[in-house]
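Engineer: The structure is given below, and queries will be raised subsequently.
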Amino acid sequence: MRIITGLFKGAKLKTLKGDNVRPTLDRVKESVFSILENLFKVSDFEAIENKKVLDLFAGTGNLGLESLSRGADSITFVDKSTSSLNILKDNIESLKVRDHCQVVKSDAIKFIDNSADNFDLIFLDPPYNQGFVKNALNKIDKKEILNINGIIVIEHSRHEEIDFVLEKLIVFRQERYGEVIVSFLMLKNNEITK
């Protein structure tokens, strides 16, 4: 696992080993960030720079650290796994970006419930097919932690469709990579074009 571009381009990131670990593939990550760069260019924001990012189900920090490399201002990483968070902290230290990162050991749903912050970009990469996508999106929808012109990016199984109704959020783009779908959501009154 590595940082694809930006300030830390080429930096290797530590990851967990094992069958339960599913880091975002480089080709998927590269595609996601390319899409984000284009989306933010046509909104009121200028790319990833200066964004406040939330990385839910952060694991070892792959997506959040890529955002930081591309100019994000701050990243809040949330995960409940001690082993993942220990490696995430090592990755943060190796990049020397501790001042831009907050690491929270918490269940993602509880974090959303208790959050007093709002974010410009929210990543969700939960374990597949366990209902986390629906639960997290319903909480984000009710709690209103996404800023105007903000984007939510969810990596999920093609078997876990986002076919439920949300009051304030809408899926405006989906990309499929084999068995994986990446869904992009925004507030319903947003003007971002596809």
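Chain labels follow the order of the structure tokens: the first chain is A, the next B, and so on; residue numbering restarts at 1 in every chain, and ligands are counted from 1 in their shown order.
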Give me the residues within 7 Å of region 62-71 of chain A as number ranges by chain, counting only C-alpha atoms and dropping any in the same chain fewer than 3 places off.
Structural biologist: A: 3, 5-8, 48-50, 55, 75
Engineer: List the spatial neighbours of Thr76 (chain A) as number ranges by chain - criterion: any atom at most 9 Å away, only C-alpha atoms, same-chain residues fewer than 3 positions off excluded.
Structural biologist: A: 52-56, 64, 100-104
Engineer: Would you write out those residues with N, CA and C atoms, as a PDB file, in the first residue's frame?
Structural biologist:
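Heads up, here's the output in again_19.pdb:
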```pdb
ATOM      1  N   LYS A  52     -11.627  19.476   5.310  1.00  0.00           N
ATOM      2  CA  LYS A  52     -11.720  18.784   6.597  1.00  0.00           C
ATOM      3  C   LYS A  52     -12.308  17.413   6.295  1.00  0.00           C
ATOM      4  N   VAL A  53     -11.534  16.362   6.547  1.00  0.00           N
ATOM      5  CA  VAL A  53     -11.876  15.010   6.092  1.00  0.00           C
ATOM      6  C   VAL A  53     -12.168  14.100   7.282  1.00  0.00           C
ATOM      7  N   LEU A  54     -13.175  13.259   7.119  1.00  0.00           N
ATOM      8  CA  LEU A  54     -13.504  12.210   8.088  1.00  0.00           C
ATOM      9  C   LEU A  54     -13.314  10.869   7.403  1.00  0.00           C
ATOM     10  N   ASP A  55     -12.488  10.027   7.989  1.00  0.00           N
ATOM     11  CA  ASP A  55     -12.230   8.681   7.467  1.00  0.00           C
ATOM     12  C   ASP A  55     -12.821   7.673   8.449  1.00  0.00           C
ATOM     13  N   LEU A  56     -14.074   7.271   8.187  1.00  0.00           N
ATOM     14  CA  LEU A  56     -14.757   6.289   9.040  1.00  0.00           C
ATOM     15  C   LEU A  56     -14.356   4.879   8.624  1.00  0.00           C
ATOM     16  N   GLY A  64      -7.512   8.439   4.086  1.00  0.00           N
ATOM     17  CA  GLY A  64      -7.272   9.702   4.771  1.00  0.00           C
ATOM     18  C   GLY A  64      -5.874  10.240   4.532  1.00  0.00           C
ATOM     19  N   HIS A 100      -1.891  17.251  11.861  1.00  0.00           N
ATOM     20  CA  HIS A 100      -3.058  17.338  10.975  1.00  0.00           C
ATOM     21  C   HIS A 100      -4.051  16.191  11.192  1.00  0.00           C
ATOM     22  N   CYS A 101      -3.738  15.310  12.137  1.00  0.00           N
ATOM     23  CA  CYS A 101      -4.532  14.089  12.298  1.00  0.00           C
ATOM     24  C   CYS A 101      -5.098  13.950  13.703  1.00  0.00           C
ATOM     25  N   GLN A 102      -6.330  13.481  13.741  1.00  0.00           N
ATOM     26  CA  GLN A 102      -6.947  13.084  15.004  1.00  0.00           C
ATOM     27  C   GLN A 102      -7.344  11.624  14.851  1.00  0.00           C
ATOM     28  N   VAL A 103      -6.909  10.789  15.769  1.00  0.00           N
ATOM     29  CA  VAL A 103      -7.217   9.362  15.727  1.00  0.00           C
ATOM     30  C   VAL A 103      -8.184   9.056  16.862  1.00  0.00           C
ATOM     31  N   VAL A 104      -9.333   8.500  16.510  1.00  0.00           N
ATOM     32  CA  VAL A 104     -10.378   8.221  17.497  1.00  0.00           C
ATOM     33  C   VAL A 104     -10.692   6.731  17.489  1.00  0.00           C
TER      34      VAL A 104
END
```
Engineer: Mind pulling up the distance from CA of Ile154 (chain A) to CA of Lys168 (chain A)?
Structural biologist: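 Rounded to one decimal, the two atoms are 16.5 Å apart.
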Engineer: Which neighbours of Lys12 (chain A) fall inside 9 Å, counting only C-alpha atoms, when residues of the same chain fewer than 3 positions from it are skipped, and could you give them as an MDAnalysis selection string?
Structural biologist: chainID A and resid 1:3 9 91
Engineer: What is the distance, in Å and to one decimal place, between CA of Lys134 (chain A) and CA of Asp113 (chain A)?
Structural biologist: 14.5 Å
Engineer: Can you check which residues of region 5-191 of chain A DSSP gives as strand (DSSP E) on the backbone and send them as JSON, numbers by chain?
Structural biologist: {"A": [52, 53, 54, 55, 56, 74, 75, 76, 77, 78, 79, 101, 102, 103, 104, 105, 119, 120, 121, 122, 123, 124, 146, 147, 148, 149, 150, 151, 152, 153, 154, 155, 156, 157, 169, 170, 171, 172, 173, 174, 175, 176, 177, 180, 181, 182, 183, 184, 185, 186, 187]}
